[in-house]
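Visitor: Below you'll find protein30.csv; it's CSV, C-alpha atoms.
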chain,number,residue,atom,x,y,z
A,1,MET,CA,-6.6,2.1,-24.0
A,2,ASN,CA,-6.2,5.2,-21.8
A,3,LEU,CA,-3.5,5.8,-19.3
A,4,ASP,CA,-5.5,4.7,-16.3
A,5,GLU,CA,-6.2,1.3,-18.0
A,6,LYS,CA,-2.5,0.9,-18.8
A,7,LEU,CA,-1.5,1.6,-15.2
A,8,LYS,CA,-4.2,-0.5,-13.6
A,9,LYS,CA,-2.8,-3.0,-11.1
A,10,SER,CA,-3.3,-6.6,-12.3
A,11,GLU,CA,-4.4,-7.8,-8.9
A,12,ARG,CA,-7.5,-5.5,-8.7
A,13,LEU,CA,-10.8,-7.4,-9.0
A,14,GLU,CA,-12.7,-4.6,-10.6
A,15,SER,CA,-12.8,-4.3,-14.4
A,16,ARG,CA,-12.3,-0.5,-14.4
A,17,PRO,CA,-9.4,1.3,-12.6
A,18,THR,CA,-10.1,1.9,-8.9
A,19,TYR,CA,-8.0,3.5,-6.2
A,20,TYR,CA,-7.7,3.9,-2.5
A,21,ILE,CA,-8.2,7.6,-1.7
A,22,THR,CA,-4.6,8.2,-0.7
A,23,GLU,CA,-3.4,6.1,-3.6
A,24,TYR,CA,-5.4,8.3,-6.0
A,25,ILE,CA,-3.7,11.4,-4.7
A,26,TRP,CA,-0.3,9.8,-5.1
A,27,ARG,CA,-0.8,8.0,-8.4
A,28,VAL,CA,-3.2,10.2,-10.4
A,29,LEU,CA,-2.9,13.7,-9.0
A,30,ILE,CA,0.9,13.7,-8.6
A,31,ILE,CA,2.8,10.9,-10.3
A,32,GLN,CA,0.8,10.7,-13.5
A,33,ARG,CA,0.8,14.4,-13.9
A,34,PHE,CA,4.2,15.5,-12.7
A,35,ILE,CA,6.6,12.6,-12.4
A,36,LEU,CA,5.9,10.0,-15.1
A,37,PRO,CA,5.9,12.4,-18.1
A,38,PRO,CA,9.5,13.5,-17.7
A,39,LEU,CA,10.7,10.0,-16.7
A,40,LEU,CA,9.4,8.5,-19.9
A,41,HIS,CA,12.0,10.6,-21.8
A,42,THR,CA,14.9,9.3,-19.8
A,43,ALA,CA,16.9,6.0,-19.6
A,44,ILE,CA,15.9,5.6,-15.9
A,45,THR,CA,14.5,2.1,-15.3
A,46,PRO,CA,11.9,1.0,-12.8
A,47,ASN,CA,14.6,-0.9,-10.8
A,48,LEU,CA,16.7,2.2,-10.5
A,49,ILE,CA,13.7,4.0,-9.0
A,50,THR,CA,13.3,1.1,-6.5
A,51,ILE,CA,16.9,1.5,-5.5
A,52,PHE,CA,16.5,5.2,-5.2
A,53,GLY,CA,13.5,4.5,-2.9
A,54,MET,CA,15.5,2.2,-0.7
A,55,ALA,CA,18.2,4.8,-0.4
A,56,CYS,CA,15.6,7.4,0.7
A,57,THR,CA,14.3,4.9,3.3
A,58,LEU,CA,17.7,4.3,4.8
A,59,LEU,CA,18.5,8.1,4.8
A,60,SER,CA,15.1,8.7,6.5
A,61,PHE,CA,16.1,6.2,9.2
A,62,ALA,CA,19.4,7.8,9.8
A,63,LEU,CA,17.9,11.3,10.0
A,64,LEU,CA,15.2,10.0,12.4
A,65,TYR,CA,17.9,8.3,14.6
A,66,ASN,CA,19.7,11.6,14.8
A,67,GLY,CA,16.6,13.7,15.7
A,68,TYR,CA,16.0,15.3,12.3
A,69,ASN,CA,12.3,14.4,12.1
A,70,VAL,CA,11.2,16.8,9.4
A,71,LEU,CA,13.9,15.8,7.0
A,72,SER,CA,13.3,12.2,7.9
A,73,GLY,CA,9.6,12.5,7.1
A,74,ILE,CA,10.3,14.2,3.8
A,75,PHE,CA,12.6,11.4,2.6
A,76,TYR,CA,10.0,8.9,3.8
A,77,ILE,CA,7.4,10.5,1.6
A,78,ILE,CA,9.8,10.5,-1.3
A,79,TYR,CA,10.3,6.8,-0.8
A,80,SER,CA,6.5,6.3,-0.9
A,81,LEU,CA,6.3,8.2,-4.2
A,82,ALA,CA,9.1,6.2,-5.6
A,83,ASP,CA,7.4,3.0,-4.4
A,84,HIS,CA,4.4,3.8,-6.6
A,85,THR,CA,6.4,5.3,-9.5
A,86,ASP,CA,8.6,2.2,-10.2
A,87,GLY,CA,5.6,-0.1,-10.8
A,88,MET,CA,3.7,2.5,-12.8
A,89,LEU,CA,6.7,3.1,-15.1
A,90,ALA,CA,7.3,-0.7,-15.4
A,91,ARG,CA,3.7,-1.2,-16.5
A,92,LEU,CA,3.7,1.7,-18.9
A,93,ARG,CA,7.0,0.6,-20.6
A,94,GLY,CA,6.4,-3.1,-20.3
A,95,GLN,CA,9.5,-3.5,-18.1
A,96,SER,CA,7.9,-5.6,-15.3
A,97,SER,CA,10.3,-8.3,-14.1
A,98,THR,CA,10.6,-11.0,-11.4
A,99,LEU,CA,13.7,-9.2,-10.1
A,100,GLY,CA,11.9,-5.9,-9.9
A,101,HIS,CA,9.0,-7.6,-8.1
A,102,TYR,CA,11.3,-9.0,-5.4
A,103,MET,CA,13.2,-5.7,-5.1
A,104,ASP,CA,9.9,-3.9,-4.6
A,105,TYR,CA,8.9,-6.3,-1.9
A,106,ALA,CA,12.3,-5.9,-0.1
A,107,SER,CA,12.1,-2.1,-0.4
A,108,ASP,CA,8.6,-2.1,1.2
A,109,TYR,CA,9.4,-4.5,4.0
A,110,ILE,CA,12.5,-2.5,4.9
A,111,ALA,CA,10.5,0.7,4.9
A,112,TRP,CA,7.6,-0.6,6.9
A,113,PHE,CA,9.0,-3.0,9.4
A,114,GLY,CA,12.3,-1.1,9.7
A,115,LEU,CA,10.6,2.1,10.7
A,116,ILE,CA,8.2,0.4,13.1
A,117,VAL,CA,11.1,-1.3,14.9
A,118,LEU,CA,13.3,1.8,14.9
A,119,ALA,CA,10.5,4.0,16.2
A,120,GLY,CA,9.7,1.4,18.9
A,121,TYR,CA,13.4,1.6,20.0
A,122,LEU,CA,13.8,5.4,19.8
A,123,TYR,CA,10.5,6.3,21.4
A,124,ASP,CA,10.5,3.5,24.0
A,125,ILE,CA,7.2,2.0,22.8
A,126,ASN,CA,5.9,-1.2,24.4
A,127,ALA,CA,7.5,-4.2,22.7
A,128,PHE,CA,4.2,-6.0,22.6
A,129,LEU,CA,2.6,-3.1,20.6
A,130,VAL,CA,5.5,-3.0,18.2
A,131,SER,CA,5.4,-6.8,17.7
A,132,PHE,CA,1.6,-6.7,17.2
A,133,ILE,CA,1.8,-4.0,14.5
A,134,CYS,CA,4.5,-6.0,12.6
A,135,VAL,CA,2.5,-9.2,12.9
A,136,ILE,CA,-0.9,-7.7,11.9
A,137,LEU,CA,0.6,-5.8,9.0
A,138,LEU,CA,2.2,-8.9,7.6
A,139,PHE,CA,-0.9,-11.0,8.3
A,140,HIS,CA,-3.2,-8.5,6.6
A,141,GLN,CA,-1.0,-8.3,3.5
A,142,GLN,CA,-0.6,-12.1,3.1
A,143,PHE,CA,-4.0,-13.2,4.3
A,144,CYS,CA,-6.0,-10.8,2.3
A,145,LYS,CA,-3.9,-11.5,-0.9
A,146,HIS,CA,-3.6,-15.3,-0.7
A,147,PHE,CA,-6.9,-16.2,1.1
A,148,ILE,CA,-9.6,-13.6,0.7
A,149,HIS,CA,-8.6,-12.1,-2.6
A,150,ALA,CA,-7.9,-15.5,-4.1
A,151,ARG,CA,-11.4,-16.8,-3.2
A,152,LEU,CA,-13.2,-13.7,-4.4
A,153,LYS,CA,-11.4,-14.0,-7.7
A,154,LYS,CA,-13.0,-17.4,-8.3
A,155,LEU,CA,-16.5,-16.0,-8.0
A,156,LYS,CA,-18.5,-15.2,-11.2
A,157,ASN,CA,-19.9,-12.0,-9.6
A,158,ILE,CA,-18.6,-10.2,-6.6
A,159,HIS,CA,-21.3,-8.4,-4.6
A,160,ARG,CA,-20.3,-5.3,-2.6
A,161,PHE,CA,-22.1,-3.8,0.4
A,162,GLY,CA,-22.6,-0.6,2.3
A,163,LEU,CA,-19.9,2.1,2.2
A,164,LYS,CA,-17.6,-0.1,0.1
A,165,LYS,CA,-20.2,-0.4,-2.6
A,166,TRP,CA,-20.9,3.4,-2.5
A,167,LEU,CA,-17.2,4.2,-2.9
A,168,LEU,CA,-16.7,1.6,-5.6
A,169,GLU,CA,-19.4,3.2,-7.7
A,170,ARG,CA,-17.3,6.3,-7.6
A,171,GLY,CA,-14.0,4.5,-8.4
A,172,PHE,CA,-12.6,4.3,-4.9
A,173,LEU,CA,-11.7,1.4,-2.6
A,174,LEU,CA,-12.4,1.1,1.1
A,175,GLY,CA,-9.5,-0.1,3.3
A,176,ILE,CA,-5.8,0.4,3.7
A,177,ASP,CA,-3.0,0.1,1.2
A,178,ALA,CA,0.7,1.0,1.0
A,179,SER,CA,0.0,4.7,0.4
A,180,LEU,CA,-2.2,5.1,3.5
A,181,LEU,CA,0.3,3.1,5.6
A,182,ALA,CA,3.1,5.4,4.4
A,183,TRP,CA,1.0,8.5,5.2
A,184,ILE,CA,0.3,7.3,8.7
A,185,LEU,CA,4.0,6.3,9.4
A,186,ALA,CA,5.2,9.7,7.9
A,187,PHE,CA,2.8,11.5,10.3
A,188,GLY,CA,4.5,9.5,13.1
A,189,ILE,CA,7.9,10.7,11.9
A,190,PHE,CA,6.8,14.4,11.7
A,191,SER,CA,4.9,14.4,15.0
A,192,GLY,CA,6.9,11.9,17.0
A,193,GLU,CA,3.5,10.3,18.0
A,194,PHE,CA,4.3,6.8,16.8
A,195,GLU,CA,2.4,5.1,19.6
A,196,ILE,CA,-0.8,6.8,18.6
A,197,CYS,CA,-0.1,5.9,14.9
A,198,PHE,CA,0.5,2.3,15.9
A,199,TYR,CA,-2.9,2.1,17.6
A,200,ILE,CA,-4.6,3.7,14.6
A,201,LEU,CA,-2.9,1.2,12.3
A,202,GLY,CA,-3.8,-1.8,14.4
A,203,MET,CA,-7.5,-0.7,14.5
A,204,ILE,CA,-7.6,-0.1,10.8
A,205,TYR,CA,-6.1,-3.5,10.0
A,206,ILE,CA,-8.3,-5.4,12.3
A,207,LEU,CA,-11.5,-3.7,11.0
A,208,ASP,CA,-10.4,-4.2,7.4
A,209,ILE,CA,-9.8,-8.0,8.0
A,210,ILE,CA,-13.2,-8.4,9.7
A,211,TYR,CA,-15.0,-6.5,6.9
A,212,ARG,CA,-13.3,-8.5,4.2
A,213,LEU,CA,-14.2,-11.8,5.9
A,214,PHE,CA,-17.8,-10.6,6.3
A,215,GLU,CA,-17.9,-9.7,2.6
A,216,LEU,CA,-16.4,-13.0,1.5
A,217,ASN,CA,-18.8,-15.0,3.6
A,218,LEU,CA,-21.8,-13.1,2.2
A,219,ASN,CA,-20.6,-13.6,-1.3
A,220,PHE,CA,-20.3,-17.3,-0.8
A,221,LYS,CA,-23.8,-17.4,0.7
A,222,ILE,CA,-25.2,-15.5,-2.3
A,223,GLN,CA,-23.5,-17.8,-4.7
A,224,LYS,CA,-24.8,-20.9,-2.9
A,225,LYS,CA,-28.3,-19.5,-2.9
A,226,LEU,CA,-28.1,-18.8,-6.6
A,227,GLY,CA,-26.9,-22.3,-7.2
A,228,GLY,CA,-23.3,-21.3,-8.2
A,229,GLY,CA,-21.5,-23.2,-5.5
The structure given in the file should be rewritten as structure tokens.

Guide:
Amino acid sequence: MNLDEKLKKSERLESRPTYYITEYIWRVLIIQRFILPPLLHTAITPNLITIFGMACTLLSFALLYNGYNVLSGIFYIIYSLADHTDGMLARLRGQSSTLGHYMDYASDYIAWFGLIVLAGYLYDINAFLVSFICVILLFHQQFCKHFIHARLKKLKNIHRFGLKKWLLERGFLLGIDASLLAWILAFGIFSGEFEICFYILGMIYILDIIYRLFELNLNFKIQKKLGGG
């Protein structure tokens, strides 16, 4: 089993390793090449990396609050790298745990929702927009995982369509994941244009949900037509 197979996320529906484009940059081009190799020869555990990521997030918030946007953005990017590294190290060493899973969830939620709320306060962004982004982000994550993904997983064969099919044939996924979310939020930190970033995120999440529902519906129709339902 090669390194990509060992590091493959268990929730992915595809048999071979696949990545979102920003995830590929983080995980394959940076973490697998420059961060994981030295970490493997240390006593550093995945949970310690998660705690380090949390610390970077809180430091990023403090720097943003005090107007140091560039430093804040740098520490937010470091959090994002740590967020991917902890899980990859856990899979590679066989150190995955329930505690680590919940710590990772807590770290992500603090980093995402904490920044959105803080940016809304600091940049006087409309409360409805801030609330909408928080709700659509949480809805997208939970709905896609527990409804769409769970139903696709029950199908014998999953049919892909259009651009998504074209990208999958090349090993890439269409949509938004934690890495793209972090990139967009980091851009907001560096530029101060959080409102624009929130509109972009809202549009991406809505389109992704619609596309996934469309894909799920077509798959069920195909299964029914073939006599599998």

Visitor: Every residue with an atom at most 10 Å from (16.6, 1.7, 6.8) (file coordinates; all atoms listed in the file) is what I'm after, so could you write them as a VMD selection string?

Guide: chain A and resid 54 to 62 107 109 to 115 118

Visitor: For a quick check of your reading of the model, name the residues lying within 10 Å of the coordinate (-18.4, -13.4, 1.2), counting only C-alpha atoms, and write them as a compact mmCIF listing (two decimals) with C-alpha atoms, in the frame of the given file.

Guide:
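Output (point_0.txt):
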# COMPACT_ATOMS: atom_id res chain seq x y z
CA ILE A 148 -9.60 -13.60 0.70
CA ARG A 151 -11.40 -16.80 -3.20
CA LEU A 152 -13.20 -13.70 -4.40
CA LEU A 155 -16.50 -16.00 -8.00
CA ILE A 158 -18.60 -10.20 -6.60
CA HIS A 159 -21.30 -8.40 -4.60
CA ARG A 160 -20.30 -5.30 -2.60
CA TYR A 211 -15.00 -6.50 6.90
CA ARG A 212 -13.30 -8.50 4.20
CA LEU A 213 -14.20 -11.80 5.90
CA PHE A 214 -17.80 -10.60 6.30
CA GLU A 215 -17.90 -9.70 2.60
CA LEU A 216 -16.40 -13.00 1.50
CA ASN A 217 -18.80 -15.00 3.60
CA LEU A 218 -21.80 -13.10 2.20
CA ASN A 219 -20.60 -13.60 -1.30
CA PHE A 220 -20.30 -17.30 -0.80
CA LYS A 221 -23.80 -17.40 0.70
CA ILE A 222 -25.20 -15.50 -2.30
CA GLN A 223 -23.50 -17.80 -4.70

Visitor: Measure the distance from CA of Leu173 (chain A) to CA of Tyr20 (chain A) in Å and round it to one decimal.

Guide: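 Separation between CA of Leu173 (chain A) and CA of Tyr20 (chain A): 4.7 Å.
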
Visitor: Find, counting all atoms listed in the file, the residue in A:Leu40, A:Ile176, A:Leu181, A:Leu168 that gets nearest to Pro17 (chain A).

Guide: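 Using all atoms listed in the file, the shortest distance to Pro17 (chain A) belongs to A:Leu168.
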
Visitor: CA of Gly87 (chain A) to CA of Trp26 (chain A): how many Å, to one decimal?

Guide: 12.9 Å

Visitor: Counting all atoms listed in the file, what is within 12 Å of region 45-52 of chain A, bar same-chain residues fewer than 6 positions away, as a ChimeraX atom specification?

Guide: /A:35-36,39,58-59,75-76,78-108,110-111

Visitor: With distances taken over only C-alpha atoms, which of A:Gln32, A:Asn69, A:Asn157, A:Ala43 is nearest to Leu226 (chain A)?

Guide: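 Answer, going by the shortest atom-to-atom distance: A:Asn157.
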
Visitor: Restricting the calculation to all atoms listed in the file: of A:Leu122, A:Leu174, A:Ile77, A:Ile204, which residue gets closest to Phe187 (chain A)?

Guide: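 Among the listed residues, A:Ile77 lies closest to Phe187 (chain A).
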